[in-house]
Amino acid sequence: MKSRKPLVIGIAGGSGSGKTSVTDSIYDVFKEHSVVVIEQDYYYKDQAHLKFEERLETNYDHPLAFDTDLLISQIQVLLDRKRVEKPVYDYALHTRSDETITIEPQDVIILEGILVLEDARLRELMDIKLFVDTDADLRIIRRIMRDIKERGRTIESVVEQYLSVVRPMHNKFIEPTKGYADIIIPEGGHNGVAIDLIVTKIKTILESRTEL
Ligand SMILES: Nc1ncnc2c1ncn2[C@@H]1O[C@H](COP(=O)(O)OP(=O)(O)O)[C@@H](O)[C@H]1O
Ligand SMILES: Nc1ccn([C@@H]2O[C@H](COP(=O)(O)O)[C@@H](O)[C@H]2O)c(=O)n1
């Protein structure tokens, strides 16, 4: 298996749609073998040079918030079966942390994030493109719960950010990328049938890839 060309799966969808849950479901099936997860969020541009107050002004739902060149170059390195130093992101400080995580090349690369289908160069690297399609009311409820519990936010800040930035950017940049998806998954990782179909397809592609 180690010499086969790795397979890249892109998992897009709005914030709180269930991308992480879908990723976890696929990861669980392949974790004994060879799978790596790359979170687009970890590739937000480094903002260490900005004051904390200035970082609060950043539009984190715009394609330009991400260091997409770094993301693409690291996926290309993994496709060449070499290791990369994946950045780590700190949501409470709104910038990259000092540490990195060493990622070894694997047969299956899962690339997950709100805008992974937005850049044509990223789409070209993908073998399977997924979009997790969840209604806005569920997405905001899930985001409120998660951001307060895990990302150090208040309910006021989550609601303000959602109305002023997240919602308009979702409609402008994220929703249109649904049209690039091979499969649209309603409501994320609890959709067992969709996950089974995707897992079967991944296995078929891996088996069809000849040894070098
Ligand atoms: N189908 C679902 N039903 C209920 N809760 C869900 C479902 N999918 C995800 N969640 C929960 O919603 C929150 C956001 O989901 P997550 O997968 O992190 O979304 P995303 O990665 O798209 O932002 C998490 O707390 C998760 O446990
Ligand atoms: N400093 C930051 C960076 C990002 N965000 C928000 O995260 C969302 C994307 O992550 P998901 O896991 O929800 O897909 C995105 O909508 C950004 O608004 C943030 O709040 N702060």
# chains A, B, ... in the order shown; residues from 1 in each chain; ligands from 1
$ residues_near_ligand --ligand "ligand 2" --cutoff "6 Å" --atoms "only C-alpha atoms and all ligand atoms" --output "list in words"
Ser15, Gly16, Tyr60, Asp61, Tyr91, His94, Gly113, Ile114 and Val166 of chain A
$ residues_near_ligand --ligand "ligand 1" --cutoff "10 Å" --atoms "only C-alpha atoms and all ligand atoms" --output "ChimeraX atom specification"
/A:11-24,39,41,112-114,131-134,138-147,149-150,186-191
$ write_last_selection --atoms "N, CA and C atoms" --output "CSV table (one decimal), in the first residue's frame"
chain,number,residue,atom,x,y,z
A,11,ILE,N,-13.4,17.9,2.2
A,11,ILE,CA,-14.7,18.0,2.9
A,11,ILE,C,-14.9,19.4,3.2
A,12,ALA,N,-15.9,20.1,2.5
A,12,ALA,CA,-16.2,21.5,2.7
A,12,ALA,C,-17.6,21.5,3.4
A,13,GLY,N,-18.0,22.8,3.7
A,13,GLY,CA,-19.4,23.0,4.3
A,13,GLY,C,-19.3,24.1,5.3
A,14,GLY,N,-20.4,24.7,5.6
A,14,GLY,CA,-20.4,25.8,6.5
A,14,GLY,C,-19.9,25.5,7.9
A,15,SER,N,-19.6,26.6,8.6
A,15,SER,CA,-19.1,26.4,10.0
A,15,SER,C,-20.3,25.7,10.8
A,16,GLY,N,-19.9,24.7,11.5
A,16,GLY,CA,-20.9,24.0,12.3
A,16,GLY,C,-21.8,23.0,11.5
A,17,SER,N,-21.4,22.8,10.3
A,17,SER,CA,-22.2,21.9,9.4
A,17,SER,C,-22.0,20.4,9.8
A,18,GLY,N,-20.9,20.1,10.4
A,18,GLY,CA,-20.6,18.7,10.7
A,18,GLY,C,-19.4,18.1,9.9
A,19,LYS,N,-18.5,19.0,9.4
A,19,LYS,CA,-17.3,18.5,8.6
A,19,LYS,C,-16.4,17.7,9.5
A,20,THR,N,-16.2,18.1,10.7
A,20,THR,CA,-15.3,17.4,11.6
A,20,THR,C,-15.9,16.0,11.9
A,21,SER,N,-17.3,15.9,12.1
A,21,SER,CA,-17.9,14.6,12.4
A,21,SER,C,-17.7,13.7,11.2
A,22,VAL,N,-17.9,14.2,10.0
A,22,VAL,CA,-17.7,13.4,8.8
A,22,VAL,C,-16.3,12.9,8.7
A,23,THR,N,-15.4,13.9,8.9
A,23,THR,CA,-13.9,13.5,8.9
A,23,THR,C,-13.6,12.4,9.9
A,24,ASP,N,-14.2,12.5,11.1
A,24,ASP,CA,-13.9,11.5,12.2
A,24,ASP,C,-14.5,10.2,11.7
A,39,GLU,N,-6.5,20.1,8.5
A,39,GLU,CA,-7.6,21.0,8.8
A,39,GLU,C,-7.2,22.4,8.1
A,41,ASP,N,-8.4,25.1,8.8
A,41,ASP,CA,-8.3,26.2,9.8
A,41,ASP,C,-6.8,26.3,10.3
A,112,GLU,N,-10.1,19.1,5.3
A,112,GLU,CA,-11.4,19.5,5.8
A,112,GLU,C,-11.4,21.0,6.1
A,113,GLY,N,-12.4,21.8,5.7
A,113,GLY,CA,-12.5,23.2,6.0
A,113,GLY,C,-13.6,23.9,5.2
A,114,ILE,N,-14.0,25.1,5.8
A,114,ILE,CA,-15.1,25.8,5.2
A,114,ILE,C,-14.9,26.1,3.7
A,131,PHE,N,-19.4,17.9,0.2
A,131,PHE,CA,-20.0,19.2,0.8
A,131,PHE,C,-21.0,18.8,1.8
A,132,VAL,N,-20.8,19.2,3.1
A,132,VAL,CA,-21.7,18.8,4.2
A,132,VAL,C,-22.7,20.0,4.2
A,133,ASP,N,-24.0,19.6,4.0
A,133,ASP,CA,-25.0,20.6,3.7
A,133,ASP,C,-26.0,20.6,4.9
A,134,THR,N,-25.9,21.5,5.8
A,134,THR,CA,-26.7,21.6,7.0
A,134,THR,C,-27.4,22.9,7.1
A,138,LEU,N,-29.4,25.0,12.4
A,138,LEU,CA,-28.6,24.0,13.1
A,138,LEU,C,-27.1,24.4,13.2
A,139,ARG,N,-26.6,25.0,12.1
A,139,ARG,CA,-25.2,25.4,12.1
A,139,ARG,C,-24.9,26.4,13.2
A,140,ILE,N,-25.8,27.4,13.4
A,140,ILE,CA,-25.5,28.5,14.4
A,140,ILE,C,-25.7,27.9,15.8
A,141,ILE,N,-26.7,27.0,16.0
A,141,ILE,CA,-26.8,26.5,17.3
A,141,ILE,C,-25.6,25.7,17.7
A,142,ARG,N,-25.1,24.8,16.8
A,142,ARG,CA,-23.9,24.0,17.0
A,142,ARG,C,-22.7,24.9,17.3
A,143,ARG,N,-22.6,26.0,16.5
A,143,ARG,CA,-21.4,26.8,16.6
A,143,ARG,C,-21.4,27.6,18.0
A,144,ILE,N,-22.6,28.0,18.4
A,144,ILE,CA,-22.7,28.7,19.7
A,144,ILE,C,-22.2,27.7,20.8
A,145,MET,N,-22.7,26.5,20.8
A,145,MET,CA,-22.3,25.5,21.8
A,145,MET,C,-20.8,25.3,21.8
A,146,ARG,N,-20.3,25.0,20.6
A,146,ARG,CA,-18.9,24.7,20.4
A,146,ARG,C,-18.0,25.8,20.8
A,147,ASP,N,-18.3,27.0,20.2
A,147,ASP,CA,-17.3,28.1,20.4
A,147,ASP,C,-17.2,28.6,21.9
A,149,LYS,N,-17.7,26.5,24.4
A,149,LYS,CA,-17.1,25.4,25.2
A,149,LYS,C,-15.6,25.2,24.8
A,150,GLU,N,-15.3,25.3,23.5
A,150,GLU,CA,-14.0,24.9,23.0
A,150,GLU,C,-13.1,26.1,22.5
A,186,PRO,N,-26.3,15.5,3.6
A,186,PRO,CA,-27.1,16.2,4.5
A,186,PRO,C,-26.8,15.9,5.9
A,187,GLU,N,-26.5,17.0,6.7
A,187,GLU,CA,-26.3,17.0,8.1
A,187,GLU,C,-25.2,16.1,8.7
A,188,GLY,N,-24.2,15.9,7.9
A,188,GLY,CA,-22.9,15.4,8.6
A,188,GLY,C,-22.8,14.0,9.0
A,189,GLY,N,-21.9,13.8,10.0
A,189,GLY,CA,-21.4,12.5,10.3
A,189,GLY,C,-22.3,11.4,10.8
A,190,HIS,N,-23.6,11.8,11.1
A,190,HIS,CA,-24.5,10.8,11.5
A,190,HIS,C,-25.3,10.2,10.4
A,191,ASN,N,-24.9,10.6,9.1
A,191,ASN,CA,-25.5,10.0,8.0
A,191,ASN,C,-24.7,8.7,7.6
$ closest_residue --among "A:Leu115, A:Leu56, A:Ile174, A:Leu125" --to "A:Ser157" --atoms "only C-alpha atoms"
A:Leu56
$ select_by_dssp --residues "chain A" --states "strand (DSSP E)" --output "ChimeraX atom specification"
/A:7-13,35-39,84-90,95-103,108-112,128-133,183-186
$ residues_around --residues "stretch 26-36 of chain A" --least-positions-apart "5" --cutoff "8 Å" --atoms "only C-alpha atoms" --output "PyMOL selection string"
chain A and resi 103-110+195+199
$ write_last_selection --atoms "N, CA and C atoms" --output "PDB file, in the first residue's frame"
ATOM      1  N   ILE A 103       3.654  15.519  10.245  1.00  0.00           N
ATOM      2  CA  ILE A 103       2.681  14.651   9.576  1.00  0.00           C
ATOM      3  C   ILE A 103       3.416  13.765   8.585  1.00  0.00           C
ATOM      4  N   GLU A 104       3.252  12.446   8.779  1.00  0.00           N
ATOM      5  CA  GLU A 104       3.869  11.495   7.854  1.00  0.00           C
ATOM      6  C   GLU A 104       2.943  11.279   6.663  1.00  0.00           C
ATOM      7  N   PRO A 105       3.508  10.999   5.484  1.00  0.00           N
ATOM      8  CA  PRO A 105       2.656  10.738   4.314  1.00  0.00           C
ATOM      9  C   PRO A 105       1.822   9.472   4.521  1.00  0.00           C
ATOM     10  N   GLN A 106       0.589   9.492   4.010  1.00  0.00           N
ATOM     11  CA  GLN A 106      -0.318   8.345   4.170  1.00  0.00           C
ATOM     12  C   GLN A 106      -1.078   8.107   2.872  1.00  0.00           C
ATOM     13  N   ASP A 107      -1.774   6.954   2.800  1.00  0.00           N
ATOM     14  CA  ASP A 107      -2.534   6.619   1.590  1.00  0.00           C
ATOM     15  C   ASP A 107      -3.738   7.535   1.390  1.00  0.00           C
ATOM     16  N   VAL A 108      -4.378   7.931   2.506  1.00  0.00           N
ATOM     17  CA  VAL A 108      -5.588   8.762   2.431  1.00  0.00           C
ATOM     18  C   VAL A 108      -5.320  10.098   3.129  1.00  0.00           C
ATOM     19  N   ILE A 109      -5.529  11.187   2.381  1.00  0.00           N
ATOM     20  CA  ILE A 109      -5.360  12.528   2.952  1.00  0.00           C
ATOM     21  C   ILE A 109      -6.748  13.178   2.989  1.00  0.00           C
ATOM     22  N   ILE A 110      -7.236  13.508   4.190  1.00  0.00           N
ATOM     23  CA  ILE A 110      -8.527  14.186   4.315  1.00  0.00           C
ATOM     24  C   ILE A 110      -8.260  15.666   4.544  1.00  0.00           C
ATOM     25  N   ILE A 195     -21.741   7.891   4.598  1.00  0.00           N
ATOM     26  CA  ILE A 195     -20.367   7.541   5.007  1.00  0.00           C
ATOM     27  C   ILE A 195     -19.971   6.187   4.420  1.00  0.00           C
ATOM     28  N   VAL A 199     -16.811   5.542   1.994  1.00  0.00           N
ATOM     29  CA  VAL A 199     -15.754   4.607   2.391  1.00  0.00           C
ATOM     30  C   VAL A 199     -15.549   3.548   1.311  1.00  0.00           C
TER      31      VAL A 199
END
$ residues_around --residues "A:Arg96" --least-positions-apart "3" --cutoff "12 Å" --atoms "only C-alpha atoms" --output "PDB file with N, CA and C atoms, in the first residue's frame"
ATOM      1  N   ASP A  41      -8.364  25.141   8.774  1.00  0.00           N
ATOM      2  CA  ASP A  41      -8.260  26.154   9.843  1.00  0.00           C
ATOM      3  C   ASP A  41      -6.817  26.340  10.335  1.00  0.00           C
ATOM      4  N   TYR A  42      -6.048  25.271  10.323  1.00  0.00           N
ATOM      5  CA  TYR A  42      -4.674  25.374  10.826  1.00  0.00           C
ATOM      6  C   TYR A  42      -3.801  26.234   9.922  1.00  0.00           C
ATOM      7  N   TYR A  43      -4.335  26.556   8.743  1.00  0.00           N
ATOM      8  CA  TYR A  43      -3.564  27.335   7.766  1.00  0.00           C
ATOM      9  C   TYR A  43      -4.060  28.783   7.676  1.00  0.00           C
ATOM     10  N   TYR A  44      -4.795  29.239   8.730  1.00  0.00           N
ATOM     11  CA  TYR A  44      -5.056  30.673   8.797  1.00  0.00           C
ATOM     12  C   TYR A  44      -3.709  31.395   8.827  1.00  0.00           C
ATOM     13  N   LYS A  45      -3.654  32.574   8.206  1.00  0.00           N
ATOM     14  CA  LYS A  45      -2.397  33.315   8.163  1.00  0.00           C
ATOM     15  C   LYS A  45      -1.909  33.628   9.583  1.00  0.00           C
ATOM     16  N   ASP A  46      -0.612  33.576   9.729  1.00  0.00           N
ATOM     17  CA  ASP A  46      -0.008  33.914  11.018  1.00  0.00           C
ATOM     18  C   ASP A  46      -0.269  35.396  11.316  1.00  0.00           C
ATOM     19  N   GLN A  47      -0.736  35.704  12.535  1.00  0.00           N
ATOM     20  CA  GLN A  47      -1.034  37.088  12.888  1.00  0.00           C
ATOM     21  C   GLN A  47      -0.252  37.529  14.124  1.00  0.00           C
ATOM     22  N   ALA A  48       0.873  36.861  14.340  1.00  0.00           N
ATOM     23  CA  ALA A  48       1.675  37.150  15.537  1.00  0.00           C
ATOM     24  C   ALA A  48       2.129  38.607  15.567  1.00  0.00           C
ATOM     25  N   HIS A  49       2.271  39.224  14.389  1.00  0.00           N
ATOM     26  CA  HIS A  49       2.760  40.608  14.320  1.00  0.00           C
ATOM     27  C   HIS A  49       1.657  41.610  14.678  1.00  0.00           C
ATOM     28  N   LEU A  50       0.397  41.154  14.790  1.00  0.00           N
ATOM     29  CA  LEU A  50      -0.718  42.060  15.111  1.00  0.00           C
ATOM     30  C   LEU A  50      -1.038  42.025  16.601  1.00  0.00           C
ATOM     31  N   ARG A  55      -6.354  41.552  15.766  1.00  0.00           N
ATOM     32  CA  ARG A  55      -6.718  40.219  15.253  1.00  0.00           C
ATOM     33  C   ARG A  55      -8.225  40.008  15.264  1.00  0.00           C
ATOM     34  N   PHE A  66      -6.714  32.762   4.632  1.00  0.00           N
ATOM     35  CA  PHE A  66      -5.919  31.532   4.704  1.00  0.00           C
ATOM     36  C   PHE A  66      -4.605  31.657   3.927  1.00  0.00           C
ATOM     37  N   ASP A  67      -3.579  30.957   4.419  1.00  0.00           N
ATOM     38  CA  ASP A  67      -2.311  30.838   3.693  1.00  0.00           C
ATOM     39  C   ASP A  67      -2.451  29.616   2.771  1.00  0.00           C
ATOM     40  N   LYS A  86       3.039  20.440   9.989  1.00  0.00           N
ATOM     41  CA  LYS A  86       1.731  21.116   9.904  1.00  0.00           C
ATOM     42  C   LYS A  86       1.648  22.213  10.969  1.00  0.00           C
ATOM     43  N   PRO A  87       1.219  23.441  10.574  1.00  0.00           N
ATOM     44  CA  PRO A  87       1.052  24.470  11.600  1.00  0.00           C
ATOM     45  C   PRO A  87      -0.060  24.109  12.588  1.00  0.00           C
ATOM     46  N   VAL A  88      -0.049  24.759  13.740  1.00  0.00           N
ATOM     47  CA  VAL A  88      -1.113  24.570  14.739  1.00  0.00           C
ATOM     48  C   VAL A  88      -1.745  25.936  14.969  1.00  0.00           C
ATOM     49  N   TYR A  89      -3.085  25.967  15.080  1.00  0.00           N
ATOM     50  CA  TYR A  89      -3.782  27.247  15.212  1.00  0.00           C
ATOM     51  C   TYR A  89      -4.391  27.390  16.592  1.00  0.00           C
ATOM     52  N   ASP A  90      -4.328  28.601  17.136  1.00  0.00           N
ATOM     53  CA  ASP A  90      -4.890  28.884  18.458  1.00  0.00           C
ATOM     54  C   ASP A  90      -6.106  29.804  18.272  1.00  0.00           C
ATOM     55  N   TYR A  91      -7.314  29.255  18.435  1.00  0.00           N
ATOM     56  CA  TYR A  91      -8.551  30.033  18.211  1.00  0.00           C
ATOM     57  C   TYR A  91      -8.750  31.099  19.288  1.00  0.00           C
ATOM     58  N   ALA A  92      -8.200  30.875  20.471  1.00  0.00           N
ATOM     59  CA  ALA A  92      -8.382  31.863  21.541  1.00  0.00           C
ATOM     60  C   ALA A  92      -7.498  33.079  21.290  1.00  0.00           C
ATOM     61  N   LEU A  93      -6.286  32.848  20.742  1.00  0.00           N
ATOM     62  CA  LEU A  93      -5.349  33.957  20.480  1.00  0.00           C
ATOM     63  C   LEU A  93      -5.448  34.465  19.041  1.00  0.00           C
ATOM     64  N   GLU A  99       4.186  25.907  18.054  1.00  0.00           N
ATOM     65  CA  GLU A  99       4.483  24.508  17.753  1.00  0.00           C
ATOM     66  C   GLU A  99       3.984  24.111  16.362  1.00  0.00           C
ATOM     67  N   THR A 100       4.505  23.000  15.856  1.00  0.00           N
ATOM     68  CA  THR A 100       3.995  22.381  14.625  1.00  0.00           C
ATOM     69  C   THR A 100       3.805  20.899  14.916  1.00  0.00           C
TER      70      THR A 100
END
$ closest_residue --among "A:Glu118, A:Glu53, A:Glu160, A:Glu124" --to "A:Ile75" --atoms "only C-alpha atoms"
A:Glu124
$ closest_residue --among "A:Asp119, A:Asp127, A:Asp137, A:Glu207" --to "A:Ile183" --atoms "only C-alpha atoms"
A:Asp127
$ atom_distance --atom1 "atom CA of A:Glu54" --atom2 "atom CA of A:Leu71"
24.1 Å
$ select_by_dssp --residues "stretch 24-182 of chain A" --states "alpha helix (DSSP H)" --output "PyMOL selection string"
chain A and resi 24-30+52-55+68-79+120-125+136-150+155-161+167-169
$ closest_residue --among "A:Ala194, A:Leu78, A:Ala120, A:Leu70" --to "A:Lys5" --atoms "only C-alpha atoms"
A:Leu78
$ atom_distance --atom1 "atom CA of A:Gly10" --atom2 "atom CA of A:Arg123"
7.7 Å
$ closest_residue --among "A:Pro168, A:Arg209, A:Ser25, A:Ile9" --to "A:Asp182" --atoms "only C-alpha atoms"
A:Ile9
